[in-house]
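So the structure is just underneath, and the comments pick up after that.
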Amino acid sequence: MTNDDRKSIVDYELHKARLNYEQAGLAKDNHYWDLVANRLYYALFHAVSALLIHNEIPVKSHKGAVVMFNKHCVKTGLVPVEEGYILSYLQSKREEADYNCFTEIKQSDIEPIIEKSLNLINLIESFIKSDIRLIQNDKED
């Protein structure tokens with residue numbers, strides 16, 4: 001992949017992150033909390049994907065993206081633990097809502113992390129724009 005191709009993909013992933021965050025806002029306005037969790041998760045997933053692609057860290061799955069984000073960003077202290085947990089938390093809530101018909105995502109589960117999700121997206125985007133490089137010891141776990 002050329003650097004120009006990589007930059008285009010990163011830009012598109014960031015666009016998708018913003019679009020999904022906007023969709024979460026629309027779902028919030030209508031009190032669809034399971035959908036808010038879903039859209040917030042995908043907003044963060046696309047932002048994290050952009051960061052990993054920017055750093056040429058390949059992943060093959062959603063789980064791999066979460067693992068690599070935690071390994072290269074949270075465990076290294078680049079992202080504070082209290083912010084880093086948001087991706088894993090939203091992944092869990094999204095999976096509960098999507099795959100368990102008996103689970104109801106409540107407003108109190110999601111509303112407190114809406115702004116925190118945007119802050120994390122902004123932080124990730126700032127890393128990319130500042131060309132902050134992640135330390136790589138190995139590939140996807």
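As shown in the structure tokens, the chain order sets the letters A, B, ...; within each chain, residues go from 1, and ligands are also counted from 1 in the order they appear.
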
Can you pull out the residues contacting stretch 64-75 of chain A? Cut-off 10 Å, using only C-alpha atoms, and skip same-chain residues under 2 positions away; I want them as a ChimeraX atom specification.
/A:44-46,48-49,51-52,57-62,77-85,87-88,91,124,133-141

Can you write just those residues out, N, CA, C and O atoms, as a CSV table (one decimal), in the first residue's frame?
```csv
chain,number,residue,atom,x,y,z
A,44,LEU,N,-16.0,4.8,17.4
A,44,LEU,CA,-14.7,4.5,18.0
A,44,LEU,C,-13.9,3.5,17.2
A,44,LEU,O,-12.7,3.6,17.0
A,45,PHE,N,-14.6,2.4,16.8
A,45,PHE,CA,-13.9,1.4,16.0
A,45,PHE,C,-13.3,2.0,14.7
A,45,PHE,O,-12.1,1.7,14.4
A,46,HIS,N,-14.0,2.9,14.0
A,46,HIS,CA,-13.4,3.5,12.8
A,46,HIS,C,-12.3,4.4,13.2
A,46,HIS,O,-11.3,4.5,12.5
A,48,VAL,N,-10.3,4.2,15.8
A,48,VAL,CA,-9.1,3.3,16.2
A,48,VAL,C,-8.5,2.6,15.0
A,48,VAL,O,-7.3,2.5,14.8
A,49,SER,N,-9.4,2.2,14.0
A,49,SER,CA,-8.9,1.6,12.8
A,49,SER,C,-8.0,2.6,12.0
A,49,SER,O,-7.0,2.2,11.5
A,51,LEU,N,-6.2,5.0,13.3
A,51,LEU,CA,-5.0,5.1,14.0
A,51,LEU,C,-4.1,3.9,13.7
A,51,LEU,O,-2.9,4.1,13.5
A,52,LEU,N,-4.6,2.7,13.7
A,52,LEU,CA,-3.8,1.5,13.5
A,52,LEU,C,-3.3,1.5,12.0
A,52,LEU,O,-2.2,1.1,11.8
A,57,ILE,N,-0.3,-1.0,11.5
A,57,ILE,CA,-0.6,-2.1,12.4
A,57,ILE,C,-1.8,-2.9,11.9
A,57,ILE,O,-2.9,-2.4,12.0
A,58,PRO,N,-1.6,-4.1,11.3
A,58,PRO,CA,-2.7,-4.8,10.7
A,58,PRO,C,-3.5,-5.5,11.8
A,58,PRO,O,-3.0,-6.0,12.8
A,59,VAL,N,-4.8,-5.5,11.6
A,59,VAL,CA,-5.8,-6.3,12.4
A,59,VAL,C,-6.7,-6.9,11.4
A,59,VAL,O,-7.0,-6.4,10.4
A,60,LYS,N,-7.3,-8.0,11.9
A,60,LYS,CA,-8.2,-8.8,11.1
A,60,LYS,C,-9.6,-8.9,11.6
A,60,LYS,O,-10.5,-9.5,11.0
A,61,SER,N,-9.8,-8.3,12.8
A,61,SER,CA,-11.1,-8.4,13.4
A,61,SER,C,-11.4,-7.3,14.4
A,61,SER,O,-10.4,-6.5,14.7
A,62,HIS,N,-12.6,-7.2,14.8
A,62,HIS,CA,-12.9,-6.1,15.8
A,62,HIS,C,-12.2,-6.4,17.1
A,62,HIS,O,-11.6,-5.5,17.7
A,77,GLY,N,0.3,4.2,28.0
A,77,GLY,CA,0.0,5.4,28.7
A,77,GLY,C,-0.3,6.6,27.7
A,77,GLY,O,-0.6,7.7,28.1
A,78,LEU,N,-0.3,6.3,26.4
A,78,LEU,CA,-0.7,7.3,25.4
A,78,LEU,C,-2.1,7.7,25.6
A,78,LEU,O,-2.4,8.9,25.5
A,79,VAL,N,-3.0,6.8,25.9
A,79,VAL,CA,-4.4,7.1,26.2
A,79,VAL,C,-4.7,6.7,27.7
A,79,VAL,O,-4.3,5.6,28.1
A,80,PRO,N,-5.2,7.6,28.5
A,80,PRO,CA,-5.5,7.3,29.9
A,80,PRO,C,-6.4,6.1,30.0
A,80,PRO,O,-7.3,5.9,29.2
A,81,VAL,N,-6.2,5.3,31.0
A,81,VAL,CA,-7.0,4.1,31.2
A,81,VAL,C,-8.5,4.4,31.2
A,81,VAL,O,-9.3,3.7,30.7
A,82,GLU,N,-8.8,5.5,31.9
A,82,GLU,CA,-10.3,5.8,32.1
A,82,GLU,C,-10.9,6.2,30.7
A,82,GLU,O,-12.1,6.1,30.6
A,83,GLU,N,-10.1,6.6,29.8
A,83,GLU,CA,-10.7,6.8,28.4
A,83,GLU,C,-10.6,5.6,27.6
A,83,GLU,O,-11.4,5.3,26.7
A,84,GLY,N,-9.5,4.8,27.8
A,84,GLY,CA,-9.3,3.6,27.0
A,84,GLY,C,-10.3,2.6,27.2
A,84,GLY,O,-10.6,1.8,26.2
A,85,TYR,N,-10.9,2.5,28.3
A,85,TYR,CA,-11.9,1.5,28.6
A,85,TYR,C,-13.2,1.6,27.8
A,85,TYR,O,-14.0,0.7,27.6
A,87,LEU,N,-13.9,2.0,24.6
A,87,LEU,CA,-14.0,1.1,23.4
A,87,LEU,C,-14.4,-0.3,23.8
A,87,LEU,O,-15.4,-0.8,23.3
A,88,SER,N,-13.8,-0.9,24.8
A,88,SER,CA,-14.2,-2.2,25.3
A,88,SER,C,-15.6,-2.2,25.9
A,88,SER,O,-16.4,-3.2,25.6
A,91,GLN,N,-18.0,-2.0,23.0
A,91,GLN,CA,-18.1,-3.3,22.3
A,91,GLN,C,-19.0,-4.3,23.0
A,91,GLN,O,-19.8,-4.9,22.4
A,124,ILE,N,-7.7,10.6,19.3
A,124,ILE,CA,-7.2,9.7,18.3
A,124,ILE,C,-6.9,10.5,17.0
A,124,ILE,O,-5.8,10.4,16.4
A,133,ARG,N,3.5,8.3,16.4
A,133,ARG,CA,3.7,6.9,16.0
A,133,ARG,C,3.7,6.0,17.2
A,133,ARG,O,4.2,6.3,18.3
A,134,LEU,N,3.0,4.9,17.1
A,134,LEU,CA,2.8,3.9,18.1
A,134,LEU,C,4.0,2.9,18.1
A,134,LEU,O,4.5,2.6,17.0
A,135,ILE,N,4.4,2.5,19.2
A,135,ILE,CA,5.5,1.5,19.3
A,135,ILE,C,5.0,0.1,18.9
A,135,ILE,O,4.0,-0.3,19.4
A,136,GLN,N,5.7,-0.5,18.0
A,136,GLN,CA,5.3,-1.8,17.6
A,136,GLN,C,6.3,-2.9,17.9
A,136,GLN,O,7.5,-2.8,17.5
A,137,ASN,N,5.9,-3.9,18.7
A,137,ASN,CA,6.8,-5.0,19.0
A,137,ASN,C,6.4,-6.2,18.2
A,137,ASN,O,7.2,-7.0,17.9
A,138,ASP,N,5.1,-6.3,17.9
A,138,ASP,CA,4.6,-7.5,17.1
A,138,ASP,C,3.3,-7.1,16.5
A,138,ASP,O,2.8,-6.0,16.7
A,139,LYS,N,2.7,-8.0,15.8
A,139,LYS,CA,1.5,-7.8,15.0
A,139,LYS,C,0.3,-8.2,15.9
A,139,LYS,O,0.5,-8.5,17.1
A,140,GLU,N,-0.8,-8.4,15.3
A,140,GLU,CA,-2.1,-8.7,16.0
A,140,GLU,C,-1.9,-9.9,16.9
A,140,GLU,O,-1.4,-10.9,16.5
A,141,ASP,N,-2.4,-9.7,18.1
A,141,ASP,CA,-2.5,-10.8,19.1
A,141,ASP,C,-3.6,-11.7,18.8
A,141,ASP,O,-4.6,-11.4,18.4
```

Residues near stretch 17-22 of chain A, cut-off 7 Å, only C-alpha atoms, skip fewer than 3 positions along chain, as a PyMOL selection string:
chain A and resi 13-14+25-26+39-40+42-44+46-47

Using only N, CA, C and O atoms, please write the residues we just selected to a file, as a compact mmCIF listing (two decimals), in the first residue's frame.
```txt
# COMPACT_ATOMS: atom_id res chain seq x y z
N GLU A 13 -11.72 6.42 7.16
CA GLU A 13 -12.05 5.85 8.47
C GLU A 13 -12.45 6.96 9.45
O GLU A 13 -13.41 6.81 10.21
N LEU A 14 -11.74 8.08 9.43
CA LEU A 14 -12.09 9.20 10.31
C LEU A 14 -13.44 9.80 9.92
O LEU A 14 -14.23 10.18 10.79
N GLY A 25 -26.01 10.57 17.85
CA GLY A 25 -26.76 11.72 18.34
C GLY A 25 -28.22 11.67 17.91
O GLY A 25 -29.12 11.99 18.71
N LEU A 26 -28.47 11.26 16.69
CA LEU A 26 -29.85 11.13 16.21
C LEU A 26 -30.59 10.04 16.97
O LEU A 26 -31.76 10.20 17.33
N ARG A 39 -23.82 2.75 17.47
CA ARG A 39 -23.20 3.81 16.66
C ARG A 39 -21.95 4.37 17.34
O ARG A 39 -20.97 4.69 16.66
N LEU A 40 -21.97 4.51 18.67
CA LEU A 40 -20.78 4.98 19.37
C LEU A 40 -19.64 3.98 19.24
O LEU A 40 -18.48 4.36 19.03
N TYR A 42 -19.15 1.86 16.79
CA TYR A 42 -18.60 1.92 15.44
C TYR A 42 -17.85 3.22 15.18
O TYR A 42 -16.86 3.24 14.44
N ALA A 43 -18.29 4.31 15.81
CA ALA A 43 -17.53 5.56 15.68
C ALA A 43 -16.12 5.37 16.22
O ALA A 43 -15.14 5.74 15.56
N LEU A 44 -16.02 4.78 17.40
CA LEU A 44 -14.69 4.54 17.99
C LEU A 44 -13.92 3.48 17.22
O LEU A 44 -12.70 3.61 17.04
N HIS A 46 -13.98 2.88 14.04
CA HIS A 46 -13.41 3.49 12.84
C HIS A 46 -12.26 4.45 13.18
O HIS A 46 -11.26 4.50 12.46
N ALA A 47 -12.38 5.18 14.29
CA ALA A 47 -11.28 6.06 14.70
C ALA A 47 -10.04 5.24 15.06
O ALA A 47 -8.92 5.57 14.64
```

If we count only C-alpha atoms, what is near A:Thr103 at a cut-off of 12 Å, once residues fewer than 6 positions away on the same chain are taken out, given as a list in words?
Trp33, Asp34, Ser92, Lys93, Arg94, Glu95, Glu96, Ala97 and Asp109 of chain A

Env of A:Thr2: 12 Å cut, atoms = only C-alpha atoms, seq-sep filter 2 positions within chain, self excluded. Answer as a PyMOL selection string.
chain A and resi 4-9+53-54+56

Would you export the selected residues with all heavy atoms as a short mmCIF file (atom, residue, chain, number, x, y, z; two decimals), in the first residue's frame, please?
```cif
data_model
loop_
_atom_site.label_atom_id
_atom_site.label_comp_id
_atom_site.auth_asym_id
_atom_site.auth_seq_id
_atom_site.Cartn_x
_atom_site.Cartn_y
_atom_site.Cartn_z
N ASP A 4 0.01 7.39 -0.04
CA ASP A 4 -1.20 8.10 -0.46
C ASP A 4 -2.44 7.24 -0.25
O ASP A 4 -3.48 7.74 0.19
CB ASP A 4 -1.11 8.52 -1.93
CG ASP A 4 -0.14 9.69 -2.14
OD1 ASP A 4 0.18 10.39 -1.15
OD2 ASP A 4 0.28 9.90 -3.30
N ASP A 5 -2.34 5.95 -0.58
CA ASP A 5 -3.46 5.03 -0.35
C ASP A 5 -3.79 4.94 1.14
O ASP A 5 -4.95 5.00 1.54
CB ASP A 5 -3.14 3.63 -0.87
CG ASP A 5 -3.08 3.55 -2.39
OD1 ASP A 5 -3.59 4.47 -3.07
OD2 ASP A 5 -2.48 2.57 -2.89
N ARG A 6 -2.75 4.83 1.95
CA ARG A 6 -2.94 4.73 3.40
C ARG A 6 -3.62 5.99 3.93
O ARG A 6 -4.56 5.93 4.71
CB ARG A 6 -1.60 4.50 4.10
CG ARG A 6 -1.72 4.34 5.61
CD ARG A 6 -0.42 3.93 6.28
NE ARG A 6 -0.03 2.59 5.84
CZ ARG A 6 0.88 2.32 4.92
NH1 ARG A 6 1.55 3.28 4.35
NH2 ARG A 6 1.15 1.08 4.57
N LYS A 7 -3.16 7.15 3.48
CA LYS A 7 -3.76 8.42 3.92
C LYS A 7 -5.22 8.49 3.52
O LYS A 7 -6.06 8.93 4.32
CB LYS A 7 -2.99 9.60 3.36
CG LYS A 7 -3.55 10.93 3.89
CD LYS A 7 -2.82 12.13 3.32
CE LYS A 7 -3.37 13.45 3.81
NZ LYS A 7 -4.75 13.55 4.15
N SER A 8 -5.55 8.05 2.33
CA SER A 8 -6.96 8.06 1.88
C SER A 8 -7.83 7.16 2.75
O SER A 8 -8.94 7.53 3.12
CB SER A 8 -7.05 7.61 0.42
OG SER A 8 -6.45 8.55 -0.43
N ILE A 9 -7.31 5.99 3.07
CA ILE A 9 -8.07 5.06 3.91
C ILE A 9 -8.23 5.63 5.32
O ILE A 9 -9.32 5.58 5.91
CB ILE A 9 -7.39 3.68 3.94
CG1 ILE A 9 -7.48 3.04 2.55
CG2 ILE A 9 -8.05 2.78 4.99
CD1 ILE A 9 -6.63 1.80 2.37
N ILE A 53 -4.20 1.84 11.11
CA ILE A 53 -3.79 1.87 9.70
C ILE A 53 -2.69 2.91 9.50
O ILE A 53 -1.70 2.66 8.80
CB ILE A 53 -5.00 2.15 8.78
CG1 ILE A 53 -5.96 0.95 8.81
CG2 ILE A 53 -4.56 2.47 7.36
CD1 ILE A 53 -7.34 1.24 8.23
N HIS A 54 -2.86 4.07 10.11
CA HIS A 54 -1.85 5.13 10.02
C HIS A 54 -0.49 4.61 10.49
O HIS A 54 0.55 4.99 9.94
CB HIS A 54 -2.29 6.32 10.88
CG HIS A 54 -1.32 7.44 10.92
ND1 HIS A 54 -1.12 8.31 9.86
CD2 HIS A 54 -0.46 7.84 11.89
CE1 HIS A 54 -0.20 9.19 10.17
NE2 HIS A 54 0.23 8.93 11.41
N GLU A 56 0.41 1.42 10.40
CA GLU A 56 0.71 0.17 9.70
C GLU A 56 0.64 -1.04 10.63
O GLU A 56 1.44 -1.98 10.52
CB GLU A 56 2.07 0.25 9.00
CG GLU A 56 2.14 1.38 7.98
CD GLU A 56 3.48 1.47 7.28
OE1 GLU A 56 3.92 0.44 6.73
OE2 GLU A 56 4.06 2.57 7.29
#
```

To one decimal place, how far is atom CA of A:Gln23 from atom CA of A:Ser108 in Å?
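According to the coordinates, atom CA of A:Gln23 and atom CA of A:Ser108 are separated by 18.8 Å.
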
DSSP-assigned alpha helix (DSSP H) among stretch 3-132 of chain A, expressed as JSON, numbers by chain:
{"A": [3, 4, 5, 6, 7, 8, 9, 10, 11, 12, 13, 14, 15, 16, 17, 18, 19, 20, 21, 22, 23, 24, 25, 26, 27, 28, 29, 33, 34, 35, 36, 37, 38, 39, 40, 41, 42, 43, 44, 45, 46, 47, 48, 49, 50, 51, 52, 53, 54, 62, 63, 64, 65, 66, 67, 68, 69, 81, 82, 83, 84, 85, 86, 87, 88, 89, 90, 91, 92, 93, 94, 95, 96, 97, 98, 99, 107, 108, 109, 110, 114, 115, 116, 117, 118, 119, 120, 121, 122, 123, 124, 125, 126, 127, 128, 129]}

Which residue of A:Phe127, A:His15, A:Asn3, A:Ala27 approaches A:Ile114 most closely, using only C-alpha atoms
A:Ala27
